[in-house]
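> Starting off with a structure, shown below.
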Amino acid sequence: MKLKFKNQVFQTDAVNAVVDLFTGQEKTKSTFSVVDERQTSLLPELGQGNALYIDHETLTANMHTVQKRNGLPLTDLETTAEGVLGAAARCQFCIEMETGTGKTYVYTKTIFELNRKYG
């Protein structure tokens with residue numbers, strides 16, 4: 001079975017907005033592994049996921065670039081804790097799209113593009 005998707009500009013723009021947030025992140029090869037396969041919850045002490053290697057200032061600059069490109073007001077990143085990976089690791093971004101615009105496709109394509117570009 002072969003799936004065909006219509007390439008829609010607003011979907012590509014949404015994917016690029018997320019991927020561009022992490023400009024400067026080095027491409028890494030990372031896999032998530034679980035130490036105890038019997039565990040059903042993903043607790044930090046059981047595995048290792050992706051790591052963010054860009055700092056708070058770079059992430060903020062990237063976000064402002066994306067916001068300017070899309071005609072949005074500039075906002076500040078609020079972080080609550082400085083962890084081992086720095087403040088950038090504590091940031092959260094919300095991706096919102098209207099019903100019927102292809103969110104599942106955009107989310108899936110975003111995951112693929114983040115992996116392709118940053119590992």
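Just so we're on the same page: first chain in the structure tokens is A, next is B, and so on; residues restart at 1 for each chain, and ligands are numbered from 1 in the order they show up.
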Would you mind listing what lies within 9 Å of A:Leu21 as a list in words, with only C-alpha atoms counted and same-chain residues fewer than 4 positions away left out?

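Residues meeting the cut-off are Asn16, Ala17, Thr58, Leu59, Thr60, Ala61, Asn62, Met63, His64, Thr65 and Val66 of chain A.
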
> Let me see the file: selected residues, C-alpha atoms, as a CSV table (one decimal), in the first residue's frame.


```
chain,number,residue,atom,x,y,z
A,16,ASN,CA,9.7,24.3,9.5
A,17,ALA,CA,8.6,26.5,12.5
A,58,THR,CA,20.2,30.5,21.0
A,59,LEU,CA,16.8,28.9,21.6
A,60,THR,CA,15.3,32.3,22.3
A,61,ALA,CA,16.9,33.8,19.2
A,62,ASN,CA,15.6,30.9,17.1
A,63,MET,CA,12.1,31.3,18.5
A,64,HIS,CA,12.1,35.1,17.8
A,65,THR,CA,13.3,34.3,14.2
A,66,VAL,CA,10.3,31.9,13.7
```

> Name all residues at most 12 Å from A:Ile111 (count only C-alpha atoms; drop same-chain ones fewer than 6 positions away) and give them as an mmCIF file with N, CA and C atoms, in the first residue's frame.


```
data_model
loop_
_atom_site.group_PDB
_atom_site.id
_atom_site.type_symbol
_atom_site.label_atom_id
_atom_site.label_comp_id
_atom_site.auth_asym_id
_atom_site.auth_seq_id
_atom_site.Cartn_x
_atom_site.Cartn_y
_atom_site.Cartn_z
ATOM 1 N N VAL A 15 5.795 22.657 10.105
ATOM 2 C CA VAL A 15 6.926 21.757 10.351
ATOM 3 C C VAL A 15 8.215 22.568 10.463
ATOM 4 N N ASN A 16 8.427 23.481 9.528
ATOM 5 C CA ASN A 16 9.653 24.293 9.534
ATOM 6 C C ASN A 16 9.748 25.168 10.783
ATOM 7 N N VAL A 18 8.797 24.454 13.792
ATOM 8 C CA VAL A 18 9.285 23.632 14.906
ATOM 9 C C VAL A 18 10.744 23.246 14.686
ATOM 10 N N VAL A 19 11.071 22.782 13.497
ATOM 11 C CA VAL A 19 12.441 22.342 13.209
ATOM 12 C C VAL A 19 13.422 23.502 13.376
ATOM 13 N N THR A 104 -2.155 15.398 12.565
ATOM 14 C CA THR A 104 -1.431 14.133 12.700
ATOM 15 C C THR A 104 -0.319 14.040 11.665
ATOM 16 N N TYR A 105 -0.625 14.436 10.438
ATOM 17 C CA TYR A 105 0.384 14.445 9.387
ATOM 18 C C TYR A 105 1.517 15.406 9.735
ATOM 19 N N LYS A 117 17.229 15.985 10.604
ATOM 20 C CA LYS A 117 18.147 17.125 10.737
ATOM 21 C C LYS A 117 19.037 17.061 11.981
ATOM 22 N N TYR A 118 18.477 16.568 13.076
ATOM 23 C CA TYR A 118 19.210 16.623 14.361
ATOM 24 C C TYR A 118 19.482 15.256 14.975
ATOM 25 N N GLY A 119 18.934 14.226 14.421
ATOM 26 C CA GLY A 119 19.138 12.889 14.994
ATOM 27 C C GLY A 119 18.200 12.676 16.141
#
```

> A:Ala14: which residues within 9 Å, counting only C-alpha atoms, same-chain residues fewer than 6 positions away excluded, as a list in words?

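The residues satisfying every condition are Ile95, Met97, Val106 and Thr110 of chain A.
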
> Save the residues we just selected, C-alpha atoms, as a PDB file, in the first residue's frame?


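Writing done, so here's part_15.pdb:
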```pdb
ATOM      1  CA  ILE A  95       1.833  23.542  18.620  1.00  0.00           C
ATOM      2  CA  MET A  97      -3.671  23.876  14.631  1.00  0.00           C
ATOM      3  CA  VAL A 106       2.196  17.610  10.542  1.00  0.00           C
ATOM      4  CA  THR A 110       7.828  17.095  12.238  1.00  0.00           C
TER       5      THR A 110
END
```

> Could you check how far atom CA of A:Tyr107 sits from atom CA of A:Gln11, in Å to one decimal?

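Straight-line distance from atom CA of A:Tyr107 to atom CA of A:Gln11 works out to 9.5 Å.
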
> Please determine, counting only C-alpha atoms, which residue among A:Asp13, A:Thr99, A:Gln25, A:Leu3 has the shortest atom-to-atom distance to A:Asn70.

A:Asp13

> Any idea what the distance is between atom CA of A:Pro73 and atom CA of A:Lys109?

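We find that atom CA of A:Pro73 and atom CA of A:Lys109 lie 25.8 Å from each other.
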
> For A:Asp20, which residue out of A:Gly102, A:Gln67, A:Leu72, A:Leu52 is the nearest one, using only C-alpha atoms?

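That would be A:Gln67, the residue with the smallest distance to A:Asp20.
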
> What does the structure give for the distance between atom CA of A:His56 and atom CA of A:Leu74, in Å to one decimal?

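Atom-to-atom, atom CA of A:His56 and atom CA of A:Leu74 are spaced 15.3 Å apart.
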
> Counting only C-alpha atoms, which residue out of A:Thr75, A:Gln92, A:Thr101, A:Thr28 sits closest to A:Val9?

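Among the listed residues, the smallest separation from A:Val9 belongs to A:Thr101.
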